[in-house]
Every structure is written in C-alpha cells, then in structure tokens.
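*Asks:* Before we start, here is the structure in question, set down as structure tokens.
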Amino acid sequence: MVVPLDFTLSPLTGWTRDHWVDLAETLVSTAQHFGSENHARIHFPGAVGGYGHDVDGTEGFARTLLAAGMLAAGDPTKTTPLQWYAEGFRTGPDPTLDISRRWVRPSEHDQAKVEACSLALILHLTRPYLWDTFDDSTQNKIIDYFAEWIHAPYPKNNWVWFRLIVQQFMRSVGGPWSKDDLEEDLAFNESCYLDHGWYRDGEGRTFDYYCGWVFQVYPLLWCDMLPDDPETQLLRPLFQSRLDAYLTDAADLIGPDGSMMAQGRSLIYRFAQASALWMGAYTGSDSLTPGQVRRATSGMVKHFAEHNVPDKDGILTMGWYGPWRKLAQSYSGPGSPYWACKGLLGLALPATHPVWTATEEPLPIDGGDFVKAIPVPGWLLSNSQGIVRLTNHGTDHAHLGDDRADSPLYARLGYSTATFPLLDAKAWNTPVDQSVCLIDAQGRASHRTGFTPLGTWVENGIPSPAEPRDPSTSAESTTPSLSPRVGIAASRAQAHWVNPAPTQFLHGSGYVGDSALAGDITVISLVRGPWEVRCVRLESTASGLDSTSHNPNAQVHLRIGGWPVTDQEITSTTSGIDPRGVARAETATLHSAVYALSGLAEPGVEFREEASPLGTPSAVPYLDFLTNPGEWTTVLISLTTVSPQDNPGENARIAADIASTETHLVIHVVWPDAQVSEHIVRLEQETGTTSTDPTTHPVPHKEPSLKGERQ
C-alpha cells in the first residue's frame with residue numbers, strides 16, 4: 001500500500017509509524033510466502049548459501065521473525081502474523097523430525113547459535129503472545145534446543161551476546177543456564193570495550209556496524225530480561241552510559257539523505273544499524289531526542305526504500321540497492337539480509353511513545369559543514385555538500401604488525417555515504433581507491449594493514465597569515481587570521497606486498513599469504529569540508545629496492561589514489577606530468593579528483609567493471625610519484641558534488657608546505673576556497689603517537705590475533 005508522507009509530523013523525512021508498519025508487514029508476508037509446510041523454515045529464492053540449504057532455512061525463519069515480533073510487541077492488534085511463526089516454534093526444535101523439516105540445532109552447526117539469539121529475543125519481547133501460549137511439550141523442546149548453547153564455544157567476537165541473550169532468556173523462564181558461561185562472557189565483553197562508547201568486534205582493530213547493532217543493542221535488552229535480578233541491574237547504568245556516548249557518533253555516520261557509511265562487513269544487513277539508534281528511544285537516552293532518533297532511523301530506511309529495497313517482490317536481496325553477491329561474505333545465504341529486521345526495533349515501542357509522536361528534529365548532519373574526530377576507531381568525519389566522509393587511520397580488521405593484504409571494507413584511507421570501496425576480485429589484492437601504495441616493477445600494489453595509528457583530532461590550528469608565505473617565516477611576524485577547523489589524523493605503515501594463499505575465508509579481513517616488505521610510509525591527513533590534504537613520506541624502502549632508480553628490476557614508485565565514483569557514464573581527465581598534475585573522474589553528480597601539491601606527478605584514472613554494488617563502471621583518479629626516502633609528497637584529494645568549472649575555489653592556488661624541525665612538523669595549508677590554516681604536528685617514533693603541541697593524542701588499542709565467523 002502507498003502510505004502518504006507527513007511533513008508536519010516529520011518535516012525532514014515525511015515518514016511516520018505507518019510507513020514502518022507497512023514495511024514490516026511487507027517483509028513478513030513475503031517471507032511467509034516462502035515458508036515450509038510446517039512453518040519451521042523459510043527458503044528465499046536464490047543460490048544456496050555457503051553453509052548449506054538447512055542453515056538457510058533456519059536463518060530465514062529466525063531473522064524474519066524479528067519483524068513479526070517487533071510488530072506484535074508494540075501493537076497487540078498486530079499479533080496475527082506472529083501466529084504463523086508460532087507453528088514453527090512447535091515443530092522447529094523437535095529433534096525427532098527429519099532435518100529437512102526442522103531447525104538446524106546449535107550442536108549441529110554453529111550458525112544455529114546466532115539464530116537462537118533472535119528466537120530468544122522475540123520470545124522475550126512477545127512473551128504473552130508466544131511463550132505463554134505454548135504447552136509444556138513445546139516449551140521443553142525450545143528449552144532443550146537453547147540448552148545446546150550452554151558451555152558451547154563461539155568465535156571471540158560479537159557472538160558473545162548471542163550466548164548471553166539465550167541463557168538470560170532461559171533464566172527468565174526457569175530453564176538451565178551456566179554461571180561460569182555468564183562470568184566468562186561478561187568478562188570477554190569487557191575486553192572488547194575501549195572508550196567513549198566504542199567496542200571493537202573481538203580482537204584487533206575491528207570497528208564497524210557490529211559495534212552498534214550488537215554491542216549497543218543486546219546489553220540493555222539483556223538487562224530487561226531479568227528486571228528483578230540485582231546483579232543484572234547493577235550493569236544497566238554501565239551499559240546505558242556506553243550507549244549514550246556511542247549514539248552521537250552513530251548519528252553522524254549517516255548522510256543527510258539517509259545514506260549509510262559504506263564501511264565494514266555484512267553490509268547486506270543494510271539498515272540493521274537503525275537498531276542501535278532505536279535503543280536511544282527504547283532506553284530513554286538523553287543523547288538524542290525522540291525526534292532525532294526518528295529522523296535518523298526513518299532517514300536510513302526511507303533512503304533504501306527510495307532505491308527499491310525491498311525489491312518489487314518484497315524481498316531483501318543480497319546486495320545494497322539491488323542484488324550484488326560480491327557484497328556478501330562467503331558464507332551468506334538468501335535469508336542473511338533479513339538481519340536488517342533488527343532495524344525495525346522501534347516498532348516494539350507503542351504508537352503513543354514520544355519517538356512516534358514527537359516532531360522530527362534535525363541532527364548535526366542537517367546543520368551544515370562539520371568536522372569531527374572519533375579517536376577510538378581512528379576516524380575523522382567531515383560533513384559537506386550532503387556527504388559524510390570518513391578518513392581512516394585506525395581501522396583495518398587486523399592487528400598491529402599484521403602482514404595480510406588490505407580489506408577493501410576496512411583498510412582504505414577513506415569511506416563515504418556517497419561512494420563504495422571497490423570490491424571486485426582485483427580490489428582485494430591491488431588497492432587503488434583511497435590508498436597510498438608502493439608499486440613495484442611488476443605492477444604489484446603494497447598494503448598497509450598492520451599499520452601504527454598515530455592519532456586523530458580536530459583543531460583550529462594556530463593563527464595564520466591570510467596569504468601563502470615561506471614556511472620558515474614566523475607566524476607571529478604577520479597579521480594573523482582565525483584558522484578554519486581542520487581534522488587531522490595520521491598513521492605509519494610497514495608497506496608490504498602479498499602473494500595470496502590459494503584458499504581464502506572472506507569474513508571481512510584481507511587476504512592472507514606470503515608477504516614481502518616494501519617500505520615504511522607515514523601518512524598525515526588534514527581534512528576540511530570536501531577536501532583532504534594528504535601528506536605522504538616514504539621513510540625507507542626494503543633492501544634492494546629504490547624509489548628513484550632507473551633499474552627496472554629495482555624501481556618502485558608511490559601511488560596515491562582518490563575517491564571511487566560509479567555511474568554508467570564517467571568522464572575522466574588527466575593533466576601533467578608536472579608539479580601541478582591532476583587526475584579527475586566525474587559522474588553527473590560526483591566529482592573525484594587528486595591534485596599534486598608537490599613533486600612530479602604522473603596522473604591516471606583506473607576503470608573497473610562490476611566492482612561496486614552502486615553499478616558499473618567505477619573509476620578512481622590517482623597520481624604516481626618518484627620520491628626519495630625522507631621527502632614529503634603532498635596532494636589534495638577532493639570529493640565534491642559540483643564540478644571544478646562550477647567551483648572557482650578549485651582553480652585557486654592550493655598549497656601545502658611542510659617545514660620539519662627536530663621535534664615537529666609545521667604544515668601550512670592554503671585550501672581551495674582560499675582559507676588558510678597552519679598546524680604543528682609532532683611525530684613520536686618511540687611511542688607511536690602523533691600530537692599537536694603540547695598535548696598528545698594516543699589511541700588505545702590492544703593487539704591480539706584476529707578471528708571471525710558468520711552472522
């Protein structure tokens with residue numbers, strides 16, 4: 001049905017609770033159309049997933065149940081769709097049935113442990129409509145099914161909350177549970193927490209949407225399951241404070257048009273991240289007002305709806321706006337995308353709740369340009385021209401010193417709400433978009449995974465002159481003007497080439513294989529509006545390699561890649577080879593460019609077919625440099641919604657001058673709009689931190705090994 005937009009109640013999105021109800025009912029009715037005769041399984045059309053047909057059917061049931069359960073939890077008149085699932089609860093956990101007619105059990109396949117969490121959560125949220133209506137036989141079968149999670153192992157990541165939720169539900173209904181498991185799981189959860197509301201998803205620098213749609217959603221729902229248990233409730237203020245801190249960052253990762261940041265694995269879950277924002281309203285957090293929560297969540301889901309999600313048949317496909325199998329992990333199946341139903345959590349709140357009755361209110365993304373640092377994952381956010389850009393100097397889904405290949409989903413220097421990292425087969429072994437690489441004589445591109453984060457912060461800089469000057473001139477000797485706010489982040493990588501092993505398990509990390517050292521590279525990003533001034537220094541090259549040699553067997557060169565753009569029609573232009581070299585790739589709406597600010601640059605544009613879920617082809621502008629160890633190479637990287645011809649600032653004098661002392665760098669920038677800023681940056685080799693003078697900005701990380709599994 002077509003639900004009319006209401007720009008009185010929702011002046012920013014037009015969406016009301018009726019739109020959410022309509023979406024949930026569409027997803028549930030479509031899912032039930034593909035259900036088995038006994039309702040225990042749902043098999044969506046499409047190729048069998050990596051874990052097989054039986055897992056796919058169990059997953060289809062459990063994940064679509066989320067939508068039906070949230071509908072019923074918030075509105076007793078919407079329980080009819082839930083009754084279809086009630087029959088599946090009576091047959092699904094029955095071990096006497098042939099596996100083709102029941103759920104896969106936790107003891108049979110680990111993936112059932114994930115799906116058990118969704119089953120337990122909805123049994124909790126809809127207790128009067130499901131659990132309390134089951135006879136003893138059905139309840140005992142469900143308890144026996146869940147009991148297989150007790151003492152069962154799991155990958156050391158967000159799976160910790162699946163076991164916690166299942167056992168907490170068991171406690172709430174008088175079923176078996178393990179105190180040892182509880183203590184172990186809560187201790188592991190604490191090991192994942194860092195600071196400022198941010199968890200990492202297990203070990204290493206694993207920052208992505210799982211930090212919100214699992215680590216910020218389940219803890220407080222877990223507390224709700226045993227409201228009268230003192231030990232459980234002691235943890236509520238702690239979990240609430242972490243959610244409060246996280247929410248302001250989460251809301252800034254959405255584009256003004258509702259588009260999501262294209263970063264991290266399992267993006268086929270799309271708007272599952274809305275669940276973290278809904279928890280703000282669900283728990284009464286004061287970090288976002290009810291009107292802001294609805295503006296954020298409705299913006300996200302409306303954005304997908306406007307791009308035909310779900311599709312014309314009412315199905316959530318494996319992809320982004322449409323089917324695109326390469327966006328899924330190797331294990332994903334046709335039912336996997338329905339974890340997006342977590343994002344319907346707001347429907348569990350009744351229509352009288354302030355989150356539904358309050359007028360939508362704007363978020364910071366609606367208020368114009370801003371730049372913001374999120375130090376724990378090592379990110380800078382810049383909102384400008386309707387796009388939020390993320391500059392990444394802290395995340396790679398690996399650990400310090402790792403020598404695997406870069407994951408396009410994690411290790412790129414930049415992500416945005418308007419672009420997608422290239423994800424074709426070549427992208428996993430040959431970085432180009434948002435990368436700084438050493439290219440050898442055979443054309444191999446180096447990787448940065450395992451890099452050392454050197455800090456992330458925002459500053460106004462120091463008072464700086466209105467006109468460019470010799471960097472050795474004292475700032476105090478000229479008439480100062482207020483510097484614009486600039487985000488600064490840095491990292492140092494032991495760049496390496498990787499020959500991938502023949503077998504790979506793509507759970508988010510980059511390829512593993514034999515690696516060879518290429519050289520050490522320091523990168524400093526200065527971010528403002530749609531621009532990044534990227535300062536790159538080749539510290540050294542590996543033995544036998546030379547960045548300036550004319551020996552073709554020894555020569556390497558530096559490549560700096562810009563933003564990827566995707567469209568059926570892309571215009572590319574290059575100019576140089578000279579110190580003002582520039583490479584551009586432009587669509588009708590996006591313009592990506594890399595401008596040389598120093599050194600002799602050879603520009604190029606890389607075209608790839610079938611490399612992005614946004615369509616085909618994709619193009620990335622880049623510049624190649626011959627550089628000496630110890631020299632700084634500087635470029636301006638731009639992603640704008642207006643062309644250089646329409647933006648005179650792009651044609652103004654752009655400059656980035658770096659003066660080095662024994663203790664720090666002085667970076668003087670003339671931006672494309674003629675604004676000027678100057679920054680003192682201290683690189684500390686011994687401590688692995690970068691700072692502005694005089695305060696250091698360390699980034700806390702613990703660095704054990706990495707492991708990941710399906711969700």
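A note on labels: chains of the structure tokens are A, B, ... as shown, every chain counts residues from 1, and ligands are counted from 1 in their shown order.
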Using only C-alpha atoms, which residues sit within 8 Å of Ala490 (chain A) once same-chain residues fewer than 4 positions away are excluded, as a PDB file with N, CA and C atoms, in the first residue's frame?

*Replies:*
```pdb
ATOM      1  N   HIS A 393      42.396   6.250   9.949  1.00  0.00           N
ATOM      2  CA  HIS A 393      43.780   5.983  10.352  1.00  0.00           C
ATOM      3  C   HIS A 393      43.837   5.084  11.584  1.00  0.00           C
ATOM      4  N   PRO A 453      48.565   3.352  14.291  1.00  0.00           N
ATOM      5  CA  PRO A 453      47.813   4.613  14.366  1.00  0.00           C
ATOM      6  C   PRO A 453      48.632   5.664  15.110  1.00  0.00           C
ATOM      7  N   LEU A 454      48.610   6.883  14.614  1.00  0.00           N
ATOM      8  CA  LEU A 454      49.401   7.958  15.211  1.00  0.00           C
ATOM      9  C   LEU A 454      48.552   9.093  15.771  1.00  0.00           C
ATOM     10  N   GLY A 455      47.236   8.925  15.814  1.00  0.00           N
ATOM     11  CA  GLY A 455      46.404   9.939  16.447  1.00  0.00           C
ATOM     12  C   GLY A 455      45.325  10.486  15.537  1.00  0.00           C
ATOM     13  N   THR A 456      44.272  11.019  16.158  1.00  0.00           N
ATOM     14  CA  THR A 456      43.123  11.569  15.442  1.00  0.00           C
ATOM     15  C   THR A 456      42.558  12.711  16.275  1.00  0.00           C
ATOM     16  N   THR A 522      54.686   6.991   6.073  1.00  0.00           N
ATOM     17  CA  THR A 522      53.900   7.792   7.006  1.00  0.00           C
ATOM     18  C   THR A 522      52.893   8.614   6.213  1.00  0.00           C
ATOM     19  N   VAL A 523      51.647   8.631   6.680  1.00  0.00           N
ATOM     20  CA  VAL A 523      50.593   9.400   6.032  1.00  0.00           C
ATOM     21  C   VAL A 523      49.926  10.294   7.073  1.00  0.00           C
ATOM     22  N   ILE A 524      49.807  11.572   6.743  1.00  0.00           N
ATOM     23  CA  ILE A 524      49.075  12.525   7.574  1.00  0.00           C
ATOM     24  C   ILE A 524      47.937  13.083   6.729  1.00  0.00           C
ATOM     25  N   SER A 525      46.728  13.046   7.268  1.00  0.00           N
ATOM     26  CA  SER A 525      45.558  13.592   6.582  1.00  0.00           C
ATOM     27  C   SER A 525      45.089  14.844   7.305  1.00  0.00           C
ATOM     28  N   THR A 690      50.897  10.546  17.538  1.00  0.00           N
ATOM     29  CA  THR A 690      51.103  11.840  16.917  1.00  0.00           C
ATOM     30  C   THR A 690      50.386  12.855  17.769  1.00  0.00           C
TER      31      THR A 690
END
```

*Asks:* With region 326-345 of chain A as the partner and 12 Å as the cut-off, tabulate the residues of region 354-416 of chain A that qualify, each row holding the nearest pair of atoms and their distance in Å to one decimal, using only C-alpha atoms, sorted by chain and rising number, as CSV.

*Replies:*
```
residue,atom,partner,partner_atom,distance
A:Val355,CA,A:Leu345,CA,11.8
A:Pro408,CA,A:Leu327,CA,11.0
A:Leu409,CA,A:Leu327,CA,9.7
```

*Asks:* So which bits of region 37-195 of chain A end up helix (DSSP H, G or I) when you DSSP the backbone, as an MDAnalysis selection string?

*Replies:* chainID A and resid 53:74 76:78 80:91 99:101 111:125 131:133 136:147 160:172 179:192

*Asks:* Which residues, written as a PyMOL selection string, have at least one atom at most 12 Å from Ser275 (chain A), with only C-alpha atoms counted and residues fewer than 6 positions away on the same chain left out?

*Replies:* chain A and resi 66-67+70+209-218+221+243+247+250-251+269+281-283+293-294+296-298+300-301+339-348

*Asks:* Could you check which of A:Arg295, A:Arg448, A:His399, A:Arg485 is closest to Phe207 (chain A), using only C-alpha atoms?

*Replies:* A:His399

*Asks:* Among region 184-213 of chain A, which residues carry a DSSP assignment of strand (DSSP E), reported as a list in words?

*Replies:*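 Residues meeting the strand (DSSP E) criterion: Tyr193, Leu194, Asp195, Trp198 and Tyr199 of chain A.
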
*Asks:* Kindly save the residues from that selection, with C-alpha atoms included, as an mmCIF file, in the first residue's frame.

*Replies:*
```cif
data_model
loop_
_atom_site.group_PDB
_atom_site.id
_atom_site.type_symbol
_atom_site.label_atom_id
_atom_site.label_comp_id
_atom_site.auth_asym_id
_atom_site.auth_seq_id
_atom_site.Cartn_x
_atom_site.Cartn_y
_atom_site.Cartn_z
ATOM 1 C CA TYR A 193 35.263 -2.257 25.265
ATOM 2 C CA LEU A 194 37.733 0.572 24.731
ATOM 3 C CA ASP A 195 36.427 4.076 25.417
ATOM 4 C CA TRP A 198 33.121 2.177 21.432
ATOM 5 C CA TYR A 199 33.578 -1.569 21.409
#
```

*Asks:* Smallest atom-to-atom distance to Tyr321 (chain A): which of A:Leu665, A:Ala495, A:Pro613, A:Leu349, using only C-alpha atoms?

*Replies:* A:Pro613

*Asks:* Near Gly69 (chain A), within 8 Å and counting only C-alpha atoms, which residues show up once chain neighbours fewer than 4 positions away are dropped, as an MDAnalysis selection string?

*Replies:* chainID A and resid 65 73 82 122 125:126 348

*Asks:* Go ahead and dump the residues you just picked, C-alpha atoms, as a short mmCIF file (atom, residue, chain, number, x, y, z; two decimals), in the first residue's frame.

*Replies:*
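Once everything was written out, this is out-v3.cif:
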```cif
data_model
loop_
_atom_site.label_atom_id
_atom_site.label_comp_id
_atom_site.auth_asym_id
_atom_site.auth_seq_id
_atom_site.Cartn_x
_atom_site.Cartn_y
_atom_site.Cartn_z
CA LEU A 65 10.67 -13.47 12.97
CA ALA A 73 5.42 -6.22 20.77
CA LEU A 82 3.24 -13.80 14.69
CA ILE A 122 11.42 -12.37 20.26
CA LEU A 125 9.56 -9.30 23.64
CA THR A 126 6.32 -11.14 22.80
CA ALA A 348 8.36 -2.60 19.64
#
```

*Asks:* When you draw a straight line from CA of Asp228 (chain A) to CA of Ala68 (chain A), how long is it in Å?

*Replies:* 27.4 Å

*Asks:* Nearest to Met318 (chain A): which of A:Leu267, A:Phe304, A:Asp673, A:Asp514 is it, counting only C-alpha atoms?

*Replies:*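 Smallest separation from Met318 (chain A) among the options: A:Leu267.
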